[in-house]
file final.cif (mmCIF, C-alpha atoms)
data_protein
loop_
_atom_site.label_atom_id
_atom_site.label_comp_id
_atom_site.auth_asym_id
_atom_site.auth_seq_id
_atom_site.Cartn_x
_atom_site.Cartn_y
_atom_site.Cartn_z
CA MET A 159 96.37 142.94 97.98
CA ALA A 160 97.86 139.45 98.04
CA ARG A 161 101.23 139.16 96.33
CA VAL A 162 103.84 136.55 95.52
CA VAL A 163 106.68 136.78 98.04
CA ARG A 164 108.63 133.63 97.19
CA LEU A 165 109.18 131.49 94.10
CA THR A 166 111.12 128.23 94.28
CA THR A 167 111.83 125.57 91.71
CA TYR A 168 113.13 122.15 92.70
CA PRO A 169 115.14 120.81 89.75
CA ILE A 170 115.77 117.40 91.33
CA LYS A 171 112.89 115.83 93.21
CA GLY A 172 113.68 115.79 96.93
CA CYS A 173 116.78 117.98 96.68
CA ALA A 174 117.22 121.62 97.67
CA GLY A 175 115.32 124.28 95.77
CA VAL A 176 116.45 127.30 93.79
CA SER A 177 114.93 130.64 94.82
CA LEU A 178 113.87 132.83 91.91
CA ASP A 179 112.84 136.43 91.43
CA ARG A 180 111.18 135.60 88.12
CA ALA A 181 110.11 132.25 86.70
CA VAL A 182 108.60 130.86 83.53
CA LEU A 183 105.48 128.83 84.29
CA THR A 184 105.08 125.89 81.92
CA PRO A 185 102.15 123.44 81.77
CA ALA A 186 104.22 121.18 84.06
CA GLY A 187 105.00 123.93 86.61
CA LEU A 188 107.87 126.34 87.16
CA ALA A 189 110.64 125.83 84.62
CA HIS A 190 112.90 122.89 85.58
CA ASP A 191 110.71 121.95 88.56
CA ARG A 192 111.12 118.23 89.33
CA ALA A 193 112.55 117.70 85.86
CA PHE A 194 115.07 115.29 87.40
CA MET A 195 114.75 112.49 89.94
CA VAL A 196 117.17 110.34 91.91
CA VAL A 197 116.39 106.62 91.77
CA ASP A 198 117.86 103.57 93.45
CA ALA A 199 119.36 100.56 91.70
CA GLU A 200 115.87 99.19 90.99
CA GLY A 201 114.60 102.47 89.56
CA ARG A 202 112.50 103.44 92.59
CA PHE A 203 112.45 107.15 93.33
CA ARG A 204 114.40 108.46 96.29
CA SER A 205 112.59 110.86 98.61
CA GLN A 206 113.36 112.67 101.82
CA ARG A 207 110.89 110.27 103.40
CA ARG A 208 113.61 107.59 103.22
CA ASP A 209 116.65 109.67 102.28
CA PRO A 210 116.55 113.00 104.17
CA GLY A 211 120.12 113.69 103.04
CA LEU A 212 118.70 114.70 99.66
CA ALA A 213 118.01 118.08 101.27
CA ARG A 214 121.78 118.74 101.42
CA ILE A 215 122.16 118.39 97.66
CA HIS A 216 121.90 121.70 95.80
CA PRO A 217 121.23 121.39 92.06
CA VAL A 218 121.34 124.45 89.81
CA PRO A 219 120.31 124.11 86.16
CA SER A 220 121.52 126.45 83.46
CA ALA A 221 118.83 128.73 82.07
CA ASP A 222 118.41 126.56 78.99
CA GLY A 223 118.52 123.32 80.98
CA THR A 224 121.50 121.91 79.09
CA ARG A 225 123.78 121.81 82.15
CA LEU A 226 123.23 120.90 85.78
CA THR A 227 125.57 121.79 88.64
CA LEU A 228 125.44 119.62 91.76
CA ARG A 229 126.82 120.82 95.08
CA ALA A 230 126.95 119.31 98.56
CA ALA A 231 129.15 119.94 101.58
CA GLY A 232 132.25 117.76 101.57
CA LEU A 233 132.15 116.98 97.85
CA PRO A 234 133.60 118.82 94.86
CA PRO A 235 130.87 120.31 92.70
CA LEU A 236 129.91 118.44 89.56
CA VAL A 237 128.91 120.20 86.36
CA CYS A 238 127.31 117.80 83.93
CA ALA A 239 125.72 118.17 80.53
CA THR A 240 122.11 117.04 80.68
CA ASP A 241 120.83 114.41 78.27
CA ALA A 242 117.38 114.85 76.74
CA ILE A 243 117.64 112.23 74.00
CA GLY A 244 119.39 109.22 75.53
CA PRO A 245 118.01 105.76 76.26
CA ARG A 246 114.97 105.54 78.51
CA ARG A 247 114.93 103.41 81.62
CA PRO A 248 111.87 102.32 83.62
CA VAL A 249 111.38 104.13 86.93
CA THR A 250 108.66 104.09 89.57
CA LEU A 251 107.10 106.99 91.44
CA PHE A 252 104.67 105.95 94.18
CA ASP A 253 104.38 102.56 92.46
CA SER A 254 103.35 104.20 89.18
CA PRO A 255 105.52 103.29 86.19
CA PHE A 256 107.26 106.01 84.17
CA HIS A 257 110.37 106.33 82.04
CA GLY A 258 113.38 108.54 82.65
CA ILE A 259 116.47 109.41 80.64
CA ASP A 260 119.54 108.27 82.55
CA GLN A 261 122.03 111.10 83.06
CA GLY A 262 125.14 108.97 83.01
CA PRO A 263 127.82 107.52 85.29
CA GLU A 264 129.37 110.76 86.56
CA ALA A 265 126.11 112.01 88.06
CA ALA A 266 125.35 108.51 89.36
CA ASP A 267 128.73 108.20 91.11
CA TRP A 268 128.47 111.68 92.61
CA LEU A 269 124.97 111.09 93.97
CA SER A 270 125.86 107.61 95.23
CA THR A 271 128.71 109.15 97.24
CA ALA A 272 126.53 112.00 98.53
CA LEU A 273 123.77 109.65 99.67
CA GLY A 274 125.85 106.66 100.66
CA ALA A 275 123.80 104.31 98.49
CA PRO A 276 123.74 103.33 94.80
CA SER A 277 121.80 105.99 92.92
CA ARG A 278 121.13 107.18 89.37
CA LEU A 279 119.87 110.50 88.07
CA VAL A 280 117.08 110.47 85.50
CA ARG A 281 115.37 113.22 83.52
CA VAL A 282 111.77 113.58 82.37
CA PRO A 283 111.67 112.56 78.69
CA PRO A 284 110.09 114.85 76.07
CA GLU A 285 107.24 112.37 75.51
CA HIS A 286 106.29 112.36 79.21
CA ASP A 287 102.47 112.52 79.15
CA ARG A 288 101.55 112.26 82.81
CA VAL A 289 98.05 113.43 83.73
CA THR A 290 97.60 114.65 87.30
CA ASP A 291 94.44 114.29 89.35
CA GLY A 292 92.19 116.61 91.34
CA LEU A 293 89.40 119.03 90.48
CA ALA A 294 91.47 120.49 87.66
CA PRO A 295 93.48 117.95 85.68
CA GLY A 296 96.92 118.93 84.48
CA THR A 297 100.41 117.56 84.08
CA SER A 298 103.73 117.64 85.91
CA GLY A 299 107.22 116.23 85.75
CA PHE A 300 108.36 114.07 88.66
CA ALA A 301 106.44 116.08 91.30
CA ASP A 302 104.41 114.09 93.82
CA SER A 303 101.27 115.13 92.00
CA CYS A 304 100.22 118.49 90.54
CA ALA A 305 102.30 121.12 88.80
CA VAL A 306 102.25 123.91 91.40
CA HIS A 307 102.25 123.78 95.18
CA LEU A 308 101.05 127.09 96.66
CA LEU A 309 101.07 128.14 100.31
CA SER A 310 100.23 131.37 102.11
CA LEU A 311 102.09 133.05 104.95
CA ALA A 312 98.74 133.50 106.72
CA SER A 313 98.43 129.71 106.90
CA LEU A 314 102.01 129.36 108.17
CA ASP A 315 101.51 132.07 110.82
CA HIS A 316 98.34 130.36 112.01
CA LEU A 317 100.13 127.01 112.23
CA ASN A 318 103.08 128.46 114.09
CA ALA A 319 100.81 130.17 116.61
CA ARG A 320 99.32 126.76 117.35
CA VAL A 321 102.78 125.16 117.53
CA ALA A 322 103.90 127.84 120.00
CA ALA A 323 100.79 127.27 122.13
CA ARG A 324 101.91 123.64 122.46
CA GLY A 325 105.39 124.71 123.50
CA GLY A 326 107.05 124.08 120.16
CA ARG A 327 109.33 126.14 117.95
CA PRO A 328 108.13 127.89 114.79
CA VAL A 329 108.42 125.84 111.61
CA PRO A 330 110.15 127.59 108.68
CA ILE A 331 108.42 127.92 105.33
CA ASP A 332 111.01 125.76 103.57
CA ARG A 333 109.76 122.65 105.41
CA PHE A 334 106.79 122.63 103.02
CA ARG A 335 108.76 122.97 99.77
CA ALA A 336 106.17 125.18 98.09
CA ASN A 337 106.68 126.60 94.62
CA VAL A 338 104.69 129.79 95.24
CA VAL A 339 104.31 131.56 98.59
CA VAL A 340 101.66 134.25 98.90
CA ASP A 341 101.37 137.06 101.46
CA GLY A 342 98.46 139.44 101.98
CA TRP A 343 95.53 137.07 102.49
CA ALA A 344 93.95 137.96 105.82
CA ALA A 345 92.53 134.53 106.60
CA PRO A 346 94.60 131.37 106.87
CA HIS A 347 93.99 128.61 104.31
CA THR A 348 92.54 130.98 101.73
CA GLU A 349 94.41 128.82 99.21
CA ASP A 350 91.99 125.98 100.10
CA ARG A 351 89.08 128.02 98.76
CA ALA A 352 90.67 129.63 95.71
CA ARG A 353 89.52 127.93 92.53
CA THR A 354 91.09 130.18 89.89
CA LEU A 355 94.13 132.40 90.46
CA LYS A 356 95.58 135.00 88.10
CA ILE A 357 99.27 135.72 88.73
CA GLY A 358 101.25 137.78 86.26
CA ASP A 359 100.01 136.62 82.87
CA ALA A 360 99.45 133.05 84.09
CA THR A 361 96.36 131.22 85.33
CA LEU A 362 96.22 128.49 87.98
CA ARG A 363 93.29 126.20 88.68
CA TYR A 364 92.81 124.51 92.05
CA ALA A 365 93.29 120.75 91.97
CA LYS A 366 93.37 119.53 95.57
CA LEU A 367 94.71 119.99 99.07
CA ALA A 368 98.36 119.24 99.73
CA ILE A 369 98.54 116.21 102.02
CA ARG A 370 101.62 116.42 104.21
CA CYS A 371 104.09 113.65 105.01
CA ALA A 372 107.30 113.02 106.93
CA VAL A 373 109.26 115.34 104.60
CA THR A 374 107.93 118.25 106.70
CA LEU A 375 109.90 116.82 109.65
CA VAL A 376 113.23 117.24 107.83
CA ASP A 377 115.43 120.28 108.49
CA GLN A 378 116.00 121.51 104.93
CA THR A 379 119.41 122.96 105.80
CA THR A 380 120.99 120.01 107.60
CA GLY A 381 119.02 117.12 106.13
CA ASP A 382 118.27 115.82 109.64
CA ARG A 383 114.87 114.79 110.94
CA ALA A 384 113.67 117.44 113.38
CA GLY A 385 110.10 116.33 114.27
CA PRO A 386 107.49 116.06 115.69
CA GLU A 387 106.38 119.43 114.30
CA PRO A 388 104.54 120.38 112.20
CA LEU A 389 102.67 117.07 111.81
CA ARG A 390 101.78 116.83 115.49
CA THR A 391 99.99 120.17 115.49
CA LEU A 392 98.48 119.79 112.01
CA ALA A 393 96.90 116.51 113.11
CA ALA A 394 94.91 118.44 115.72
CA TYR A 395 93.07 120.68 113.24
CA ARG A 396 93.82 119.83 109.59
CA ARG A 397 92.84 116.19 109.16
CA ALA A 398 91.58 115.40 105.66
CA ALA A 399 88.72 113.01 104.95
CA ALA A 400 90.90 110.92 102.64
CA GLY A 401 93.52 110.49 105.33
CA GLY A 402 96.57 112.46 106.40
CA VAL A 403 96.75 116.13 107.24
CA ALA A 404 96.43 118.97 104.75
CA PHE A 405 98.45 122.17 104.49
CA GLY A 406 98.67 124.27 101.34
CA ALA A 407 97.08 123.48 98.00
CA LYS A 408 98.02 121.99 94.64
CA PHE A 409 97.17 123.76 91.40
CA ALA A 410 97.17 122.83 87.72
CA VAL A 411 98.42 125.29 85.13
CA ALA A 412 95.47 126.50 83.07
CA GLY A 413 97.47 129.24 81.36
CA PRO A 414 101.28 129.27 81.18
CA GLY A 415 103.13 132.56 81.53
CA THR A 416 105.67 134.35 83.68
CA LEU A 417 105.59 134.80 87.45
CA SER A 418 107.61 137.32 89.46
CA VAL A 419 108.08 138.03 93.12
CA GLY A 420 105.82 140.98 93.85
CA ASP A 421 103.13 139.97 91.35
CA PRO A 422 99.56 140.52 92.58
CA VAL A 423 97.58 137.34 93.19
CA ARG A 424 93.97 137.75 92.04
CA THR A 425 91.34 135.18 92.99
CA THR A 426 88.73 135.18 90.25
CA GLU A 427 86.79 132.12 91.39
CA ARG A 428 86.22 130.69 94.85
CA GLY A 429 84.74 127.54 96.33
CA ALA A 430 84.34 125.70 99.62
CA SER A 431 87.29 124.11 101.38
CA GLU A 432 87.52 120.35 101.03
CA LEU A 433 87.92 120.26 104.80
CA GLY A 434 84.53 121.93 105.18
CA ARG A 435 85.89 124.84 107.13
#

call {"tool": "encode", "arguments": {"input": "final.cif", "output": "structure tokens"}}
result
Amino acid sequence: MARVVRLTTYPIKGCAGVSLDRAVLTPAGLAHDRAFMVVDAEGRFRSQRRDPGLARIHPVPSADGTRLTLRAAGLPPLVCATDAIGPRRPVTLFDSPFHGIDQGPEAADWLSTALGAPSRLVRVPPEHDRVTDGLAPGTSGFADSCAVHLLSLASLDHLNARVAARGGRPVPIDRFRANVVVDGWAAPHTEDRARTLKIGDATLRYAKLAIRCAVTLVDQTTGDRAGPEPLRTLAAYRRAAAGGVAFGAKFAVAGPGTLSVGDPVRTTERGASELGR
């Protein structure tokens, strides 16, 4: 039977994740996932696409989300109280306008030093009403799109076999920054064809394929670009009709609940892959 083998929440968009044994699944994804975002002086979001050094920043929220600890090599850790009621400031995410609650000068100074460029930290406001796209609409915080990114080890093993055949080195799972990793599906890309998943007491509905970008070229430990894999190999067999290459799938939360490592993953509805294979 397929089971969850890894759960990861990413409190600050683009920064390192926090591995969990058990996680609350909210309508916007795993608790605290992409609840915060680093922006530049103009309010544009920072991403590993432009700022791969984000990977070296390790944020850890308190269980209730009222405190956030920031760590990075070479800097003293910063523990800051999070602000959920302060003034809103306009921010942009992929050219779409949103609002974020600025988290103050201490976090801004720390992040500006860590990244070597003026930066601010913002939080998703309570009134955030973003609607995500795909076959199953949902919501999310500051994620690229949908609430949950799910990937299977069967898909990763298949990719790495192809990478090895081209003379490359295996790509670790953390390059894909998935929230939920599943083991036990015999065929690769089973996540492409799953339409409804039951995990723990939660329900996920398939929204769309995950289109990959240059973030997958970043070593998530060092924050250095380490391409050309996996994009070179994915381009040979996972091209999507809408452009780009697909790997993994995005899901909307149809029923919130609790997820744990070891939970069975039950597929209660299936469909055809958007790639047609």

call {"tool": "closest_residue", "arguments": {"input": "final.cif", "among": "A:Asp291, A:Arg333, A:Asp179, A:His347", "to": "Val373 of chain A", "atoms": "all atoms listed in the file"}}
result
A:Arg333

call {"tool": "resolve_selection", "arguments": {"input": "final.cif", "expression": "the PyMOL selection byres ((chain A and resi 261) around 12)", "output": "VMD selection string"}}
result
chain A and resid 193 to 197 224 to 226 237 to 247 258 to 260 262 to 269 277 to 283

call {"tool": "atom_distance", "arguments": {"input": "final.cif", "atom1": "atom CA of Leu228 of chain A", "atom2": "atom CA of Leu212 of chain A"}}
result
11.5 Å

call {"tool": "resolve_selection", "arguments": {"input": "final.cif", "expression": "the PyMOL selection byres ((chain A and resi 181) around 12)", "output": "PyMOL selection string"}}
result
chain A and resi 162+164-167+176-180+182-184+187-191+221+337-338+357-360+414-419+421

call {"tool": "resolve_selection", "arguments": {"input": "final.cif", "expression": "the PyMOL selection byres ((chain A and resi 161) around 6)", "output": "mmCIF file with C-alpha atoms, in the coordinates of the input"}}
result
data_model
loop_
_atom_site.group_PDB
_atom_site.id
_atom_site.type_symbol
_atom_site.label_atom_id
_atom_site.label_comp_id
_atom_site.auth_asym_id
_atom_site.auth_seq_id
_atom_site.Cartn_x
_atom_site.Cartn_y
_atom_site.Cartn_z
ATOM 1 C CA ALA A 160 97.860 139.450 98.040
ATOM 2 C CA VAL A 162 103.840 136.550 95.520
ATOM 3 C CA VAL A 340 101.660 134.250 98.900
ATOM 4 C CA ASP A 341 101.370 137.060 101.460
ATOM 5 C CA GLY A 420 105.820 140.980 93.850
ATOM 6 C CA ASP A 421 103.130 139.970 91.350
ATOM 7 C CA PRO A 422 99.560 140.520 92.580
ATOM 8 C CA VAL A 423 97.580 137.340 93.190
#

call {"tool": "residues_around", "arguments": {"input": "final.cif", "residues": "Asp382 of chain A", "least_positions_apart": "5", "cutoff": "8 Å", "atoms": "all atoms listed in the file", "output": "PyMOL selection string"}}
result
chain A and resi 210-211+376-377

call {"tool": "atom_distance", "arguments": {"input": "final.cif", "atom1": "atom CA of Ala199 of chain A", "atom2": "atom CA of Ser254 of chain A"}}
result
16.6 Å

call {"tool": "closest_residue", "arguments": {"input": "final.cif", "among": "A:Arg208, A:Ser310, A:Arg363, A:Gly401", "to": "Ala345 of chain A", "atoms": "all atoms listed in the file"}}
result
A:Ser310

call {"tool": "axis_aligned_box", "arguments": {"input": "final.cif", "around": "segment 376-390 of chain A", "padding_each_side": "5 Å", "output": "AutoDock Vina command-line options"}}
result
--center_x 111.4 --center_y 118.9 --center_z 110.3 --size_x 29.2 --size_y 18.2 --size_z 20.8

call {"tool": "closest_residue", "arguments": {"input": "final.cif", "among": "A:Gly381, A:Gly201, A:Pro346, A:Pro217", "to": "Leu309 of chain A", "atoms": "all atoms listed in the file"}}
result
A:Pro346

call {"tool": "closest_residue", "arguments": {"input": "final.cif", "among": "A:Gly434, A:Pro386, A:Pro328, A:Ala365", "to": "Ala398 of chain A", "atoms": "all atoms listed in the file"}}
result
A:Gly434

call {"tool": "atom_distance", "arguments": {"input": "final.cif", "atom1": "atom CA of Arg424 of chain A", "atom2": "atom CA of Met159 of chain A"}}
result
8.2 Å

call {"tool": "closest_residue", "arguments": {"input": "final.cif", "among": "A:Arg396, A:Gly429, A:Pro185, A:Gly175", "to": "Gly299 of chain A", "atoms": "only C-alpha atoms"}}
result
A:Pro185

call {"tool": "closest_residue", "arguments": {"input": "final.cif", "among": "A:Arg202, A:Arg428, A:His307, A:Arg390", "to": "Phe409 of chain A", "atoms": "only C-alpha atoms"}}
result
A:His307

call {"tool": "residues_near_point", "arguments": {"input": "final.cif", "point": "(102.1, 133.2, 107.1)", "cutoff": "9 Å", "atoms": "all atoms listed in the file", "output": "JSON, numbers by chain"}}
result
{"A": [309, 310, 311, 312, 313, 314, 315, 316, 317, 318, 331, 339, 340, 341, 342, 343, 346]}

call {"tool": "residues_around", "arguments": {"input": "final.cif", "residues": "Pro295 of chain A", "least_positions_apart": "2", "cutoff": "12 Å", "atoms": "only C-alpha atoms", "output": "ChimeraX atom specification"}}
result
/A:185-186,288-293,297-298,303-305,362-366,408-412
